[in-house]
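Enquirer: Structure incoming, see below.
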Amino acid sequence: MWNLFGKSLKSRLLLGTSRYPSPEVLKNSIAFSGSEIITVSLRRNSGGEGNPFWEMLNALKVNVLPNTAGCHSVEEAVTTAQMAREIFKTNWLKLEVIGDDYTLRPDPVALVEAAEILCKDGFEVFPYMTEDLVLAEKLLEAGCNILMPWASPIGSGQGIANPFALKTLRDKFPEVPMVVDAGIGSPSHAAFAMELGFDGVLLNTAVATSIDPVKMARAFALSIEGGRQGYLSGLMEKRDFAIPSTPVVGTPFWHNV
Amino acid sequence: MQLSINGHLQNLEVKTIEELLINLNKKPEFLAVAVNKKFVAKNIYPEYQLSEGDHVEIVTPHPGG
């Protein structure tokens, strides 16, 4: 169990809801992942009445984390956040301000500015950020109580591109909740993030675009739990030489030339 | 009055956001609105006066990552 802004959570997997082959697969993937925090977005309304997607998520009784995906400026992000708070009735917000369309790399300057405005307005801002240490410091000063550094670009499946920087970030702010968000491609990537001491992992594409999303959702849940337990157990130090695990003393034929 | 609704120009005989949503047959329950990139809260839809050329964004919950 872990606690996040007053919510007691069993799962450390935060799951995105996009790109699934069908609503039914999405629903089952959420259920089998055990995830209790689900990301959602806002897009232009094109239909008339009702919203089957939102009605389905409401029925699942999960916590929703609205994003500002696609926003490229402070103004767009702040307005999208305000619209999200009204519709989803939560002050949680995954803040995305994109600076580069090719890599979907966040704009650090706009991110801090938007975070400051939104934190002052009562939002609990989950900033999607690079693993930059100074940026982390600025976001905390802006009022963020959680950080979400990327593993690698969104949807790339590259895994953790810079483990040294992520580890440095984790060690620098041990008390700050941190979730690795974006770029996770396989359960082993997620386990690695957890072994580094992160509090959770947010992913979407790796589950949604797999051949069997429901099974993959479960695989991620298990790997995240495994990585967490590994971290808590204390991982052994790496060595540059071999040490036999079976005792040498008493080895048959030892020194029996 | 000519308005840009979700990026499409439309000529509509409406004065307020409330009238606009009724005209477009949209239920406010599942929507949020911004005019000229500024958020407009639901409780002021009846009194919010639209102006010629306003850019109105009407958004709804959608899957996201």
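Lettering and numbering for the structure tokens are positional, with chains as A, B, ... in the shown order, residues counted from 1 in each chain, and ligands counted from 1 in the shown order.
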What's the 8 Å shell around Ser4 of chain B, counting only C-alpha atoms, without same-chain residues fewer than 4 positions away, as a PyMOL selection string?
Expert: chain B and resi 8-10+53-56
Enquirer: Please report as number ranges by chain which residues of chain B come no farther than 8 Å from chain A, using only C-alpha atoms.
Expert: B: 6, 24-27, 29-34, 37-39, 41, 57-65
Enquirer: Please provide as a ChimeraX atom specification all residues within 8 Å of Ile30 of chain A, with the sequence filter that same-chain residues fewer than 3 positions apart are discarded (counting only C-alpha atoms).
Expert: /A:15,26-27,33-35,214,217
Enquirer: For Pro174 of chain A, which residue out of A:Leu147, A:Phe192, A:Ile160, A:Leu104 is the nearest one, using only C-alpha atoms?
Expert: A:Leu147
Enquirer: I'd like to know which residues of segment 40-250 of chain A are helix (DSSP H, G or I) (by DSSP, run on the backbone); could you write them as JSON, numbers by chain?
Expert: {"A": [52, 53, 54, 55, 56, 57, 58, 59, 60, 74, 75, 76, 77, 78, 79, 80, 81, 82, 83, 84, 85, 86, 87, 88, 108, 109, 110, 111, 112, 113, 114, 115, 116, 117, 118, 119, 120, 133, 134, 135, 136, 137, 138, 139, 140, 141, 142, 163, 164, 165, 166, 167, 168, 169, 170, 171, 172, 187, 188, 189, 190, 191, 192, 193, 194, 195, 205, 206, 207, 208, 213, 214, 215, 216, 217, 218, 219, 220, 221, 222, 223, 224, 225, 226, 227, 228, 229, 230, 231, 232, 233]}
Enquirer: Excluding Asn145 of chain A and its own-chain neighbours fewer than 5 positions away, which residues fall within 8 Å of it when counting only C-alpha atoms? Please give them as an mmCIF file with C-alpha atoms, in the first residue's frame.
Expert:
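What landed in out.cif:
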```cif
data_model
loop_
_atom_site.group_PDB
_atom_site.id
_atom_site.type_symbol
_atom_site.label_atom_id
_atom_site.label_comp_id
_atom_site.auth_asym_id
_atom_site.auth_seq_id
_atom_site.Cartn_x
_atom_site.Cartn_y
_atom_site.Cartn_z
ATOM 1 C CA GLU A 124 -2.213 18.770 -7.583
ATOM 2 C CA VAL A 125 0.156 18.904 -10.521
ATOM 3 C CA PHE A 126 1.839 15.727 -11.809
ATOM 4 C CA LEU A 140 9.097 21.564 -6.535
ATOM 5 C CA VAL A 176 9.278 13.302 -3.114
ATOM 6 C CA PRO A 177 6.889 10.808 -4.744
#
```
Enquirer: Would you mind writing down, as a VMD selection string, each residue of segment 11-254 of chain A that DSSP on the backbone assigns to strand (DSSP E or B)?
Expert: chain A and resid 13 to 16 37 to 44 63 to 67 92 to 95 98 to 100 105 to 106 124 to 129 147 to 149 178 to 181 200 to 203
